[in-house]
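As stored in query_16.txt (compact mmCIF, C-alpha atoms):
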```txt
# COMPACT_ATOMS: atom_id res chain seq x y z
CA MET G 1 82.98 164.98 131.85
CA SER G 2 86.78 164.89 131.62
CA PHE G 3 88.74 164.30 128.44
CA TRP G 4 90.19 161.11 129.96
CA ASN G 5 86.75 159.65 130.73
CA VAL G 6 85.56 160.40 127.21
CA THR G 7 88.68 158.77 125.78
CA LEU G 8 88.13 155.62 127.85
CA SER G 9 84.50 155.39 126.73
CA LEU G 10 85.40 155.89 123.07
CA TRP G 11 88.18 153.34 123.36
CA GLU G 12 85.67 150.81 124.64
CA GLY G 13 83.44 151.50 121.62
CA PHE G 14 86.45 151.38 119.31
CA GLN G 15 87.27 147.88 120.52
CA THR G 16 83.78 146.80 119.44
CA THR G 17 84.32 148.50 116.09
CA ILE G 18 87.57 146.56 115.59
CA PHE G 19 85.83 143.34 116.62
CA ILE G 20 83.11 143.81 113.99
CA PHE G 21 85.74 144.75 111.40
CA VAL G 22 87.99 141.75 112.02
CA LEU G 23 85.18 139.18 112.06
CA THR G 24 83.71 140.62 108.87
CA ILE G 25 87.04 140.48 107.05
CA LEU G 26 87.88 136.97 108.24
CA MET G 27 84.55 135.54 107.07
CA SER G 28 83.57 137.67 104.08
CA LEU G 29 86.86 137.35 102.17
CA PRO G 30 86.68 133.54 101.74
CA LEU G 31 82.88 133.59 101.39
CA GLY G 32 83.18 136.22 98.67
CA LEU G 33 85.44 133.91 96.69
CA VAL G 34 82.87 131.12 96.96
CA VAL G 35 80.14 133.50 95.76
CA ALA G 36 82.38 134.62 92.88
CA PHE G 37 82.88 131.04 91.71
CA GLY G 38 79.13 130.53 91.98
CA SER G 39 78.38 133.55 89.81
CA MET G 40 80.90 132.32 87.20
CA SER G 41 79.61 128.75 87.25
CA LYS G 42 78.64 127.16 83.95
CA PHE G 43 75.70 125.62 85.77
CA LYS G 44 73.10 128.25 84.87
CA PRO G 45 70.68 127.84 87.81
CA LEU G 46 73.57 128.33 90.26
CA SER G 47 75.02 131.35 88.45
CA ILE G 48 71.58 132.98 88.09
CA LEU G 49 70.78 132.40 91.77
CA THR G 50 74.16 133.71 92.88
CA ARG G 51 74.01 136.82 90.72
CA ALA G 52 70.48 137.52 91.96
CA PHE G 53 71.79 137.31 95.54
CA VAL G 54 74.62 139.74 94.74
CA TRP G 55 72.21 142.11 92.97
CA ILE G 56 69.83 142.20 95.95
CA ILE G 57 72.57 142.68 98.54
CA ARG G 58 74.37 145.39 96.57
CA GLY G 59 71.09 147.12 95.71
CA THR G 60 69.77 147.51 99.26
CA PRO G 61 71.19 149.56 102.17
CA LEU G 62 73.36 147.79 104.70
CA MET G 63 71.34 149.44 107.46
CA LEU G 64 68.19 147.74 106.16
CA GLN G 65 69.99 144.40 106.00
CA ILE G 66 71.06 144.71 109.65
CA ILE G 67 67.46 145.41 110.67
CA ILE G 68 66.18 142.45 108.63
CA VAL G 69 68.73 140.01 110.06
CA PHE G 70 67.98 141.12 113.61
CA TYR G 71 64.18 141.39 113.50
CA MET G 72 63.08 139.00 110.72
CA PRO G 73 63.56 135.70 112.63
CA GLY G 74 61.23 136.97 115.33
CA MET G 75 58.67 138.25 112.84
CA LEU G 76 58.60 135.13 110.66
CA PHE G 77 59.36 132.28 113.06
CA ASN G 78 58.70 133.83 116.46
CA ILE G 79 62.35 133.27 117.34
CA PRO G 80 63.73 136.65 118.44
CA SER G 81 67.45 137.23 117.93
CA GLU G 82 69.25 137.00 121.24
CA SER G 83 72.56 138.43 120.05
CA ARG G 84 72.67 141.92 118.60
CA MET G 85 76.35 141.53 117.85
CA GLY G 86 75.69 138.23 116.10
CA ALA G 87 73.05 139.87 113.89
CA VAL G 88 75.42 142.70 113.02
CA VAL G 89 78.25 140.33 112.07
CA VAL G 90 75.96 138.15 109.94
CA ALA G 91 74.60 141.18 108.09
CA PHE G 92 78.08 142.60 107.50
CA VAL G 93 79.49 139.29 106.31
CA ILE G 94 76.62 138.78 103.85
CA ASN G 95 76.92 142.33 102.56
CA TYR G 96 80.67 142.41 102.11
CA SER G 97 80.89 138.90 100.67
CA ALA G 98 78.66 140.15 97.84
CA TYR G 99 80.89 143.16 97.18
CA PHE G 100 84.09 141.16 97.46
CA SER G 101 82.69 138.52 95.09
CA GLU G 102 82.35 141.08 92.32
CA ILE G 103 85.91 142.26 92.89
CA TYR G 104 87.14 138.67 92.76
CA ARG G 105 85.11 137.96 89.63
CA GLY G 106 86.49 141.02 87.86
CA GLY G 107 90.05 140.04 88.75
CA ILE G 108 89.65 136.42 87.65
CA GLU G 109 87.98 137.31 84.37
CA SER G 110 90.68 139.89 83.59
CA ILE G 111 93.29 137.13 83.20
CA SER G 112 93.58 135.93 79.62
CA LYS G 113 92.65 132.32 78.88
CA GLY G 114 96.00 131.98 77.14
CA GLN G 115 97.78 131.82 80.48
CA TYR G 116 95.64 128.90 81.60
CA GLU G 117 96.25 127.12 78.29
CA ALA G 118 100.00 127.77 78.44
CA GLY G 119 100.21 126.27 81.91
CA GLN G 120 98.31 123.17 80.85
CA VAL G 121 100.61 122.75 77.84
CA LEU G 122 103.51 122.69 80.29
CA GLY G 123 101.84 119.78 82.09
CA MET G 124 100.35 121.70 85.01
CA THR G 125 96.91 120.87 86.36
CA LYS G 126 94.19 123.54 86.46
CA SER G 127 94.66 124.00 90.21
CA GLN G 128 98.44 124.33 89.80
CA VAL G 129 97.99 126.94 87.09
CA PHE G 130 95.58 128.89 89.27
CA PHE G 131 97.62 128.87 92.47
CA LYS G 132 101.13 129.12 90.97
CA VAL G 133 100.56 131.38 87.95
CA ILE G 134 97.23 133.18 88.14
CA LEU G 135 96.50 133.85 91.82
CA MET G 136 99.12 136.51 92.58
CA GLN G 137 98.28 138.35 89.36
CA ILE G 138 94.66 138.47 90.48
CA VAL G 139 95.65 139.68 93.95
CA LYS G 140 97.70 142.50 92.44
CA ARG G 141 94.86 143.60 90.16
CA ILE G 142 92.14 143.57 92.80
CA LEU G 143 94.18 145.07 95.65
CA PRO G 144 93.24 148.76 95.00
CA SER G 145 89.52 147.93 94.81
CA MET G 146 89.80 145.64 97.81
CA SER G 147 91.54 148.34 99.86
CA ASN G 148 88.71 150.78 99.09
CA GLU G 149 86.10 148.28 100.30
CA VAL G 150 88.07 147.48 103.45
CA ILE G 151 88.40 151.15 104.37
CA THR G 152 84.69 151.62 103.65
CA LEU G 153 84.02 148.77 106.08
CA VAL G 154 85.82 150.71 108.82
CA LYS G 155 83.26 153.51 108.50
CA ASP G 156 80.29 151.20 107.91
CA THR G 157 80.79 149.61 111.32
CA SER G 158 79.07 152.72 112.72
CA LEU G 159 75.78 151.34 111.33
CA ALA G 160 75.80 148.72 114.08
CA ARG G 161 74.37 151.37 116.38
CA ILE G 162 71.01 151.05 114.58
CA ILE G 163 70.25 148.00 116.75
CA ALA G 164 71.96 149.44 119.83
CA VAL G 165 75.36 147.76 119.51
CA GLY G 166 77.85 149.83 121.50
CA GLU G 167 80.39 150.66 118.80
CA LEU G 168 82.43 153.85 118.58
CA ILE G 169 79.78 156.28 117.33
CA ARG G 170 77.18 154.90 119.74
CA HIS G 171 79.51 155.69 122.65
CA ALA G 172 80.14 159.18 121.26
CA GLN G 173 76.41 159.82 120.87
CA ASP G 174 75.84 158.96 124.51
CA PHE G 175 77.69 162.15 125.42
CA VAL G 176 75.44 164.27 123.20
CA SER G 177 72.56 163.70 125.61
CA ASP G 178 74.79 165.24 128.28
CA GLY G 179 75.24 168.34 126.15
CA LEU G 180 78.68 167.42 124.78
CA ILE G 181 79.10 167.48 121.00
CA TRP G 182 82.89 167.35 120.74
CA PRO G 183 83.18 163.58 121.45
CA LEU G 184 81.55 162.95 118.06
CA PHE G 185 84.39 164.81 116.34
CA TYR G 186 86.89 163.14 118.63
CA ALA G 187 85.55 159.75 117.47
CA GLY G 188 86.43 160.77 113.92
CA ILE G 189 90.11 160.76 114.92
CA PHE G 190 89.84 157.06 115.79
CA TYR G 191 88.45 156.33 112.32
CA LEU G 192 91.13 158.45 110.65
CA LEU G 193 93.94 156.68 112.48
CA PHE G 194 92.52 153.24 111.76
CA SER G 195 92.01 154.07 108.08
CA GLY G 196 95.50 155.57 107.95
CA VAL G 197 97.07 152.37 109.23
CA LEU G 198 95.14 150.33 106.65
CA THR G 199 96.16 152.73 103.87
CA ILE G 200 99.83 152.31 104.79
CA LEU G 201 99.40 148.53 104.95
CA PHE G 202 97.78 148.31 101.52
CA GLY G 203 100.39 150.67 100.06
CA TRP G 204 103.11 148.35 101.35
CA LEU G 205 101.35 145.32 99.87
CA GLU G 206 101.04 147.01 96.47
CA LYS G 207 104.78 147.72 96.46
CA ARG G 208 105.51 144.11 97.41
CA LEU G 209 103.44 142.92 94.44
CA ASN G 210 105.01 145.27 91.90
CA TYR G 211 107.14 142.49 90.46
CA TYR G 212 104.00 140.68 89.26
CA LYS G 213 103.56 142.14 85.82
CA GLY G 214 100.30 140.35 85.00
```

Translate this structure into C-alpha cells?
Amino acid sequence: MSFWNVTLSLWEGFQTTIFIFVLTILMSLPLGLVVAFGSMSKFKPLSILTRAFVWIIRGTPLMLQIIIVFYMPGMLFNIPSESRMGAVVVAFVINYSAYFSEIYRGGIESISKGQYEAGQVLGMTKSQVFFKVILMQIVKRILPSMSNEVITLVKDTSLARIIAVGELIRHAQDFVSDGLIWPLFYAGIFYLLFSGVLTILFGWLEKRLNYYKG
C-alpha cells in the first residue's frame, strides 16, 4: 500500500471527522446556552430536571451514549436507527451541550449583579444590558474553557467508529488488518494539525477580547 493511497483514505476519513465536528459545534453551542438558562431558572422543577440531565450526561461515557442513541430506539420501540451518522451527531450534540451549558452557567454567574443593576438605572432593558454590557465579558471569561472543550471534541470524534462510522481512526484501523501500523500514527498528524489551527484561532480571539476588562 503506497503512502499516497493511505493519505487519500485518511483524508476521506478526516472529512467525516470534520463533518461531525462542525455539526456538533453548530448545534451544541446554542443548545448549551438553552440548557444553561434552564439550569439557572427560578422555576425549580425546570432547574432540577435540567441539572439532572447535565449530571447524567457528564457522568456517563460518550461512547456509551453513542451506543444508546443508535441501538435504544430499536430495542424499545422496534424502530432501528437507519443513519449511523445521525446517531453519532445526536449523541455528540447532547453530550457537548451539557458540557457547554456548565461553561456558560459559570461565565454568567461570574458577572456581578451590580452591572445588571447599573444598566437598568441607566434606563436599559434587561436584554439590552445582557447583549450590550454583559455578553462580551462572558465570552472573554469562558473562552479558555470553551477552547479546551472544542479541542477535546476534535479527538472525541474518533469514538464514532464504535458504530462503524468511517471517520479518521476507522480508516487508519482498516490498514492494520493488512499488517500496516504506521497509518495509525500518520492519522495523529491530522489531529495535531487540526488542533493546532484551532489553538491559533482561539489565541487570536483571546487577544481580540483583551480590551474587555470584565

Close residues, region 151-164 of chain G itself excluded, 6 Å, all atoms listed in the file, min 4 positions apart in chain, as a ChimeraX atom specification:
/G:169-170,195

Residue neighbourhood Gln15 (chain G), 12 Å, all atoms listed in the file, exclusion window fewer than 6 positions, as a PyMOL selection string
chain G and resi 8-9+21-22+157+165-169+171+190-191+194

Would you compute an axis-aligned box for region 141-144 of chain G, covering every atom listed for it in the file with 4 Å of margin on each side, and report centre and edge lengths in Å to one decimal as lines of an AutoDock Vina configuration file?
```
center_x = 93.5
center_y = 146.2
center_z = 92.9
size_x = 10.7
size_y = 13.2
size_z = 13.5
```

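Between CA of Ile25 (chain G) and CA of Tyr186 (chain G) the separation is 25.4 Å.
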
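Of note, CA of Ser39 (chain G) and CA of Ile138 (chain G) are spaced 17.0 Å apart.
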
Contacts of region 62-74 of chain G at 8 Å or less, counting only C-alpha atoms, minus same-chain residues fewer than 2 places along, as a PDB file with C-alpha atoms, in the coordinates of the input?
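Once written, around-v8.pdb looks like this:
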```pdb
ATOM      1  CA  THR G  60      69.770 147.510  99.260  1.00  0.00           C
ATOM      2  CA  LEU G  76      58.600 135.130 110.660  1.00  0.00           C
ATOM      3  CA  PHE G  77      59.360 132.280 113.060  1.00  0.00           C
ATOM      4  CA  ASN G  78      58.700 133.830 116.460  1.00  0.00           C
ATOM      5  CA  ILE G  79      62.350 133.270 117.340  1.00  0.00           C
ATOM      6  CA  PRO G  80      63.730 136.650 118.440  1.00  0.00           C
ATOM      7  CA  SER G  81      67.450 137.230 117.930  1.00  0.00           C
ATOM      8  CA  ARG G  84      72.670 141.920 118.600  1.00  0.00           C
ATOM      9  CA  ALA G  87      73.050 139.870 113.890  1.00  0.00           C
ATOM     10  CA  VAL G  88      75.420 142.700 113.020  1.00  0.00           C
ATOM     11  CA  VAL G  90      75.960 138.150 109.940  1.00  0.00           C
ATOM     12  CA  ALA G  91      74.600 141.180 108.090  1.00  0.00           C
ATOM     13  CA  PHE G  92      78.080 142.600 107.500  1.00  0.00           C
ATOM     14  CA  ASN G  95      76.920 142.330 102.560  1.00  0.00           C
ATOM     15  CA  LEU G 159      75.780 151.340 111.330  1.00  0.00           C
ATOM     16  CA  ALA G 160      75.800 148.720 114.080  1.00  0.00           C
ATOM     17  CA  ILE G 162      71.010 151.050 114.580  1.00  0.00           C
ATOM     18  CA  ILE G 163      70.250 148.000 116.750  1.00  0.00           C
TER      19      ILE G 163
END
```

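Proximity ranking of G:Lys44, G:Met146, G:Val35, G:Met75 relative to Ala98 (chain G) places G:Val35 first, based on only C-alpha atoms.
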
By how many Å are CA of Val54 (chain G) and CA of Ile142 (chain G) apart?
18.0 Å

Kindly write region 141-163 of chain G with N, CA and C atoms to a file, as a short mmCIF file (atom, residue, chain, number, x, y, z; two decimals), in the first residue's frame.
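New file out.cif:
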```cif
data_model
loop_
_atom_site.label_atom_id
_atom_site.label_comp_id
_atom_site.auth_asym_id
_atom_site.auth_seq_id
_atom_site.Cartn_x
_atom_site.Cartn_y
_atom_site.Cartn_z
N ARG G 141 -14.48 35.48 29.43
CA ARG G 141 -14.20 34.63 30.59
C ARG G 141 -14.29 33.15 30.27
N ILE G 142 -15.20 32.78 29.37
CA ILE G 142 -15.40 31.35 29.11
C ILE G 142 -14.54 30.84 27.95
N LEU G 143 -13.88 31.75 27.24
CA LEU G 143 -13.16 31.34 26.03
C LEU G 143 -12.09 30.28 26.29
N PRO G 144 -11.25 30.40 27.34
CA PRO G 144 -10.24 29.35 27.58
C PRO G 144 -10.88 27.98 27.83
N SER G 145 -11.93 27.94 28.65
CA SER G 145 -12.60 26.66 28.92
C SER G 145 -13.28 26.13 27.66
N MET G 146 -13.87 27.04 26.90
CA MET G 146 -14.54 26.63 25.67
C MET G 146 -13.54 26.07 24.67
N SER G 147 -12.36 26.69 24.58
CA SER G 147 -11.35 26.20 23.63
C SER G 147 -10.89 24.80 24.01
N ASN G 148 -10.77 24.52 25.31
CA ASN G 148 -10.38 23.18 25.75
C ASN G 148 -11.41 22.14 25.32
N GLU G 149 -12.69 22.47 25.49
CA GLU G 149 -13.75 21.54 25.12
C GLU G 149 -13.79 21.32 23.61
N VAL G 150 -13.59 22.38 22.85
CA VAL G 150 -13.62 22.27 21.39
C VAL G 150 -12.49 21.38 20.89
N ILE G 151 -11.30 21.55 21.46
CA ILE G 151 -10.17 20.72 21.06
C ILE G 151 -10.38 19.27 21.51
N THR G 152 -11.01 19.08 22.66
CA THR G 152 -11.35 17.73 23.10
C THR G 152 -12.32 17.08 22.12
N LEU G 153 -13.25 17.87 21.59
CA LEU G 153 -14.20 17.37 20.61
C LEU G 153 -13.50 16.82 19.38
N VAL G 154 -12.43 17.49 18.95
CA VAL G 154 -11.68 17.02 17.78
C VAL G 154 -11.26 15.57 17.99
N LYS G 155 -10.74 15.27 19.18
CA LYS G 155 -10.26 13.90 19.46
C LYS G 155 -11.42 12.95 19.73
N ASP G 156 -12.49 13.45 20.34
CA ASP G 156 -13.63 12.59 20.65
C ASP G 156 -14.35 12.08 19.41
N THR G 157 -14.19 12.77 18.29
CA THR G 157 -14.84 12.30 17.06
C THR G 157 -14.42 10.89 16.70
N SER G 158 -13.26 10.45 17.19
CA SER G 158 -12.78 9.09 16.90
C SER G 158 -13.70 8.03 17.50
N LEU G 159 -14.53 8.41 18.49
CA LEU G 159 -15.45 7.45 19.10
C LEU G 159 -16.57 7.05 18.16
N ALA G 160 -16.75 7.78 17.08
CA ALA G 160 -17.80 7.44 16.12
C ALA G 160 -17.57 6.06 15.51
N ARG G 161 -16.34 5.60 15.55
CA ARG G 161 -16.03 4.30 14.95
C ARG G 161 -16.70 3.15 15.70
N ILE G 162 -17.17 3.41 16.93
CA ILE G 162 -17.78 2.34 17.73
C ILE G 162 -19.03 1.79 17.07
N ILE G 163 -19.69 2.60 16.23
CA ILE G 163 -20.85 2.08 15.48
C ILE G 163 -20.55 2.11 13.97
#
```
